[in-house]
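Reading through the structure tokens given below for one structure.
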Amino acid sequence: MNPVDGLHRPGDSPIHRLRPQVKIVALVAFTCAIAATPREAVWAFGVYAALLAGLFTLARVPLAWVLTRSLVESPFLVLALAFPFMVEGDPVQIGFLHVSEPGLWAGWNLLAKATLGVWAALLLAATTPIAAVLAGLSRLRCPEILLQITAFAIRYAHLTVAEVTQMRLARLARCDDPRFLWQAGALARSLGVVFIRSFERGERVWQAMSARGYTGRLPLEVGPAPAGALQWTAALAVPAIAAGIATWTAVFV
Amino acid sequence: MSALDIKGLQHVYPDGHRALDGVDLQVHEGERVAVLGPNGAGKTTLMLHLAGLLTATEGEVSVADVKVAKQTLAEVRRRVGIVFQSPDDQLFMPTVADDVGFGPANLGLRGPELAERVRAALADVGLSDLADRPPHHLSVGQQRRAALAGVLAMRPDIVVCDEPSANLDPAARRDLARILQATAPTLLLVTHDLPYALQLCERAVILDAGRVAADGPTVEILADPELLQRHRLELPFGFSLETALAAMRA
């Protein structure tokens with residue numbers, strides 16, 4: 001699948017059937033609860049992970065898919081692993097390593113919260129097509145300019161990726177060997193060309209839109225139907241549990 | 001009534017390039033006209049003027065007796081439906097149905113009325129099954145039909161197509177011709193694909209160096225090899241006008 005086609009996995013699970021707007025609100029609430037949980041309440045993060053695992057099972061999303069897509073957080077993981085060595089504080093010994101205790105906690109904090117946040121976002125992405133996410137955001141009164149930018153980025157990222165791929169193939173066909181560092185110049189120039197082409201395309205897209213009567217407002221409110229109380233209750237049940245745990249741990253741990 | 005009336009239209013780009021140098025052209029309601037010309041003849045510039053997307057240096061354009069001006073842009077853009085050469089420039093909404101609904105929604109249609117316009121336009125071009133697909137998953141032929149549906153949904157008085165046959169395989173080319181014949185009674189076909197012009201348009205004009213160099217029945221224009229050659233046009237290798245006309249009569 002093309003990387004810009006999104007992560008949606010078509011299906012008919014109860015989570016797939018929820019309206020996009022309730023899923024977006026649930027994602028934001030759940031992520032806030034994770035972020036608000038004190039890092040010392042290790043068990044709470046285990047409960048969050050178990051809740052997410054249950055939801056992934058319900059949505060029939062395989063574990064391997066979640067793990068490979070989680071690689072997007074690798075840069076944060078590197079940072080989390082570096083904290084125990086970078087942060088100053090009381091040293092503790094783990095095997096032959098001397099690391100700082102506050103650094104360990106900071107690393108754990110980043111690792112646990114980032115991973116859970118990525119998993120929650122993956123659950124939304126796997127069960128909701130991109131068009132529905134945009135429609136849901138529109139329903140939630142997200143500023144229109146942000147929606148327009150996102151919609152265009154998604155639509156034209158596909159073309160730009162295709163263009164870069166074509167140019168790469170055309171370079172390879174003329175005996176370019178991008179393994180060598182000194183041939184990176186060709187890549188840089190291609191990217192420059194892609195930028196100019198995208199800019200010109202922007203102008204043509206604007207002309208085509210104006211020709212169909214565009215005056216600055218996208219009719220994106222052609223959005224999803226409103227969600228009933230049952231939908232909201234179902235979607236917010238898990239974030240509500242998480243919020244309860246976050247409050248409990250913040251007060252008593 | 002004339003669907004389109006262009007009088008003395010001139011366009012000079014900011015770099016001094018004179019793309020149109022006094023174009024006069026009248027298209028009547030129910031008439032299909034091919035605008036033929038070599039690359040760089042000013043065809044695309046002319047097309048952009050029809051929807052008021054460029055400001056004329058000199059001259060004027062009227063669409064169904066509405067003069068193109070700043071105050072009439074919305075009305076003019078409803079009446080003129082332009083199908084651009086690259087569907088990628090035109091199809092930008094997340095799904096085909098959303099894109100087809102873009103024009104009518106800009107006209108203020110909402111709810112069931114909008115849905116009906118979208119349904120009818122998609123049925124006209126034979127894409128009802130693909131309404132919920134993202135446009136970039138479609139083949140080029142399907143994309144061009146989707147772009148046409150987006151224009152037809154606005155119920156225009158005149159459809160303008162820029163190189164509609166470019167990059168199409170023979171079957172997609174034939175499908176599109178059939179759909180244009182059925183859905184666009186008044187058509188301006190901007191192209192250098194001469195057989196396509198013959199198939200779809202009874203009248204043709206040659207645009208060269210920003211002027212109308214010839215205007216007449218398509219058959220007569222294509223039957224004049226010297227005229228075509230003077231304007232860097234030619235029939236494809238092996239193409240026989242007689243055979244094509246016999247096929248059209250049959």
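In the structure tokens, the first chain shown is A, the next is B, and so on; residue numbers restart at 1 for each chain, and ligands run from 1 in the order shown.
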Counting only C-alpha atoms, collect the residues of chain B whose closest atom lies at most 10 Å from chain A, and write them out as a ChimeraX atom specification.
/B:48,50-54,73-84,86-95,98-99,101-111,114-115,132-137,150-151,154
Now that the selection is made, can you save its residues with N, CA and C atoms as a compact mmCIF listing (two decimals), in the first residue's frame?
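Okay, result18.txt is ready:
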```txt
# COMPACT_ATOMS: atom_id res chain seq x y z
N LEU B 48 -8.76 29.45 -20.37
CA LEU B 48 -8.79 30.07 -19.04
C LEU B 48 -9.61 31.36 -19.07
N LEU B 50 -12.31 31.82 -20.72
CA LEU B 50 -13.75 31.53 -20.78
C LEU B 50 -14.37 31.50 -19.40
N ALA B 51 -13.56 31.17 -18.37
CA ALA B 51 -14.09 31.15 -17.01
C ALA B 51 -13.59 32.36 -16.22
N GLY B 52 -13.05 33.33 -16.91
CA GLY B 52 -12.58 34.53 -16.23
C GLY B 52 -11.42 34.25 -15.29
N LEU B 53 -10.58 33.25 -15.62
CA LEU B 53 -9.45 32.93 -14.75
C LEU B 53 -8.23 33.79 -15.10
N LEU B 54 -8.30 34.48 -16.22
CA LEU B 54 -7.27 35.45 -16.57
C LEU B 54 -7.99 36.75 -16.93
N LEU B 73 -18.57 36.72 -12.36
CA LEU B 73 -17.74 35.51 -12.36
C LEU B 73 -18.52 34.27 -11.93
N ALA B 74 -19.29 34.39 -10.84
CA ALA B 74 -20.00 33.22 -10.32
C ALA B 74 -20.97 32.68 -11.38
N GLU B 75 -21.70 33.58 -12.04
CA GLU B 75 -22.67 33.19 -13.05
C GLU B 75 -21.96 32.54 -14.26
N VAL B 76 -20.86 33.18 -14.68
CA VAL B 76 -20.11 32.66 -15.84
C VAL B 76 -19.55 31.27 -15.53
N ARG B 77 -19.02 31.10 -14.31
CA ARG B 77 -18.41 29.81 -13.97
C ARG B 77 -19.45 28.71 -13.82
N ARG B 78 -20.69 29.09 -13.56
CA ARG B 78 -21.74 28.08 -13.53
C ARG B 78 -22.07 27.65 -14.97
N ARG B 79 -22.03 28.63 -15.88
CA ARG B 79 -22.44 28.34 -17.25
C ARG B 79 -21.38 27.63 -18.07
N VAL B 80 -20.09 27.87 -17.74
CA VAL B 80 -19.01 27.25 -18.49
C VAL B 80 -18.40 26.13 -17.65
N GLY B 81 -18.42 24.91 -18.13
CA GLY B 81 -17.80 23.81 -17.38
C GLY B 81 -16.50 23.42 -18.04
N ILE B 82 -15.38 23.66 -17.34
CA ILE B 82 -14.08 23.35 -17.95
C ILE B 82 -13.54 22.03 -17.39
N VAL B 83 -13.20 21.11 -18.30
CA VAL B 83 -12.51 19.89 -17.90
C VAL B 83 -11.04 20.08 -18.25
N PHE B 84 -10.21 20.20 -17.22
CA PHE B 84 -8.79 20.51 -17.46
C PHE B 84 -8.05 19.28 -17.99
N SER B 86 -5.19 17.82 -17.08
CA SER B 86 -4.73 16.83 -16.12
C SER B 86 -5.78 16.63 -15.04
N PRO B 87 -6.38 15.43 -14.95
CA PRO B 87 -7.40 15.20 -13.91
C PRO B 87 -6.81 15.40 -12.51
N ASP B 88 -5.50 15.21 -12.37
CA ASP B 88 -4.88 15.39 -11.06
C ASP B 88 -4.98 16.84 -10.59
N ASP B 89 -5.07 17.77 -11.55
CA ASP B 89 -5.22 19.17 -11.16
C ASP B 89 -6.65 19.48 -10.74
N GLN B 90 -7.57 18.64 -11.22
CA GLN B 90 -8.97 18.96 -11.00
C GLN B 90 -9.58 18.18 -9.84
N LEU B 91 -9.20 16.90 -9.70
CA LEU B 91 -9.81 16.07 -8.66
C LEU B 91 -8.99 16.22 -7.39
N PHE B 92 -9.54 16.85 -6.38
CA PHE B 92 -8.72 17.09 -5.19
C PHE B 92 -9.43 16.70 -3.90
N MET B 93 -10.73 16.38 -3.96
CA MET B 93 -11.43 16.05 -2.72
C MET B 93 -11.13 14.60 -2.34
N PRO B 94 -11.40 14.22 -1.06
CA PRO B 94 -11.03 12.87 -0.60
C PRO B 94 -11.71 11.73 -1.37
N THR B 95 -12.95 11.94 -1.83
CA THR B 95 -13.60 10.87 -2.60
C THR B 95 -14.16 11.44 -3.90
N ASP B 98 -17.41 13.36 -3.31
CA ASP B 98 -17.16 14.70 -2.73
C ASP B 98 -16.70 15.65 -3.82
N ASP B 99 -15.84 15.15 -4.71
CA ASP B 99 -15.29 16.02 -5.75
C ASP B 99 -16.38 16.45 -6.73
N GLY B 101 -19.40 16.73 -6.05
CA GLY B 101 -20.28 17.65 -5.32
C GLY B 101 -19.68 19.03 -5.09
N PHE B 102 -18.37 19.17 -5.35
CA PHE B 102 -17.69 20.43 -5.04
C PHE B 102 -18.31 21.63 -5.78
N GLY B 103 -18.50 21.48 -7.10
CA GLY B 103 -19.05 22.59 -7.90
C GLY B 103 -20.46 22.96 -7.46
N PRO B 104 -21.40 21.97 -7.46
CA PRO B 104 -22.77 22.29 -7.02
C PRO B 104 -22.83 22.85 -5.60
N ALA B 105 -21.95 22.36 -4.70
CA ALA B 105 -21.94 22.91 -3.33
C ALA B 105 -21.51 24.37 -3.36
N ASN B 106 -20.57 24.70 -4.27
CA ASN B 106 -20.18 26.11 -4.41
C ASN B 106 -21.34 26.95 -4.94
N LEU B 107 -22.28 26.30 -5.64
CA LEU B 107 -23.45 27.03 -6.13
C LEU B 107 -24.50 27.16 -5.04
N GLY B 108 -24.22 26.57 -3.88
CA GLY B 108 -25.13 26.72 -2.75
C GLY B 108 -26.05 25.54 -2.53
N LEU B 109 -25.89 24.47 -3.32
CA LEU B 109 -26.76 23.30 -3.12
C LEU B 109 -26.30 22.52 -1.89
N ARG B 110 -27.25 21.97 -1.15
CA ARG B 110 -26.94 21.17 0.04
C ARG B 110 -27.92 20.01 0.12
N GLY B 111 -27.62 19.05 0.98
CA GLY B 111 -28.56 17.98 1.32
C GLY B 111 -28.98 17.12 0.13
N LEU B 114 -28.17 18.26 -3.49
CA LEU B 114 -26.77 18.07 -3.84
C LEU B 114 -26.50 16.60 -4.14
N ALA B 115 -27.01 15.71 -3.27
CA ALA B 115 -26.78 14.27 -3.45
C ALA B 115 -27.35 13.81 -4.79
N ASP B 132 -17.32 6.31 -3.81
CA ASP B 132 -16.64 6.48 -2.53
C ASP B 132 -15.14 6.21 -2.58
N ARG B 133 -14.62 6.02 -3.79
CA ARG B 133 -13.18 5.75 -3.91
C ARG B 133 -12.41 7.06 -3.91
N PRO B 134 -11.16 7.06 -3.39
CA PRO B 134 -10.33 8.26 -3.56
C PRO B 134 -9.94 8.40 -5.03
N PRO B 135 -9.94 9.64 -5.57
CA PRO B 135 -9.69 9.82 -7.01
C PRO B 135 -8.36 9.22 -7.46
N HIS B 136 -7.33 9.20 -6.59
CA HIS B 136 -6.04 8.73 -7.07
C HIS B 136 -6.00 7.21 -7.23
N HIS B 137 -7.07 6.50 -6.82
CA HIS B 137 -7.12 5.05 -7.05
C HIS B 137 -7.74 4.71 -8.40
N GLY B 150 -17.78 16.11 -12.47
CA GLY B 150 -17.70 17.28 -11.59
C GLY B 150 -18.18 18.54 -12.28
N VAL B 151 -18.01 18.58 -13.60
CA VAL B 151 -18.44 19.73 -14.39
C VAL B 151 -19.93 19.60 -14.75
N MET B 154 -22.72 20.68 -12.43
CA MET B 154 -23.07 22.10 -12.32
C MET B 154 -24.07 22.50 -13.41
```
From a DSSP calculation on the backbone, collect every residue of range 14-226 of chain B in alpha helix (DSSP H) and output the set as a ChimeraX atom specification.
/B:43-50,73-79,87-90,96-106,111-124,140-152,170-183,194-200,218-222,225-226
Could you tell me how far CA of Val164 in chain A lies from CA of Gln85 in chain B, in Å and to one decimal?
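Between CA of Val164 in chain A and CA of Gln85 in chain B the gap is 21.3 Å.
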Running DSSP on the backbone, which parts of range 40-175 of chain B land in strand (DSSP E), as a short mmCIF file (atom, residue, chain, number, x, y, z; two decimals) with C-alpha atoms, in the first residue's frame?
```
data_model
loop_
_atom_site.label_atom_id
_atom_site.label_comp_id
_atom_site.auth_asym_id
_atom_site.auth_seq_id
_atom_site.Cartn_x
_atom_site.Cartn_y
_atom_site.Cartn_z
CA GLU B 58 -8.01 43.74 -24.68
CA GLY B 59 -11.36 42.47 -25.99
CA GLU B 60 -14.22 40.66 -24.29
CA VAL B 61 -15.81 37.28 -23.70
CA SER B 62 -19.55 36.67 -23.24
CA VAL B 63 -21.13 33.41 -22.16
CA VAL B 66 -23.38 37.35 -19.85
CA LYS B 67 -20.19 39.37 -20.25
CA VAL B 80 -19.01 27.25 -18.49
CA GLY B 81 -17.80 23.81 -17.38
CA ILE B 82 -14.08 23.35 -17.95
CA VAL B 83 -12.51 19.89 -17.90
CA ILE B 158 -21.24 24.82 -22.52
CA VAL B 159 -18.62 22.17 -21.74
CA VAL B 160 -14.99 22.98 -22.52
CA CYS B 161 -12.53 20.07 -22.66
CA ASP B 162 -8.78 20.58 -22.80
#
```
Extract, using only C-alpha atoms, all DNA, RNA and protein residues at most 7 Å from Arg211 in chain B, discarding same-chain residues fewer than 2 positions from it, and format them as a PyMOL selection string.
chain B and resi 20-23+207-209+213
Residues within 9 Å of range 237-250 of chain B, please, as a list of chain:residue names. Count only C-alpha atoms; anything in the same chain fewer than 4 positions from it doesn't count.
B:Pro195, B:Leu198, B:Gln199, B:Val219, B:Leu222, B:Ala223
Taking C-alpha atoms for each residue, export the selection above as a tab-separated table (two decimals), in the first residue's frame.
```tsv
chain	number	residue	atom	x	y	z
B	195	PRO	CA	-9.43	12.30	-35.55
B	198	LEU	CA	-13.63	14.86	-36.52
B	199	GLN	CA	-15.48	12.26	-34.45
B	219	VAL	CA	-14.21	17.70	-42.63
B	222	LEU	CA	-8.97	18.18	-42.22
B	223	ALA	CA	-9.20	17.64	-45.99
```
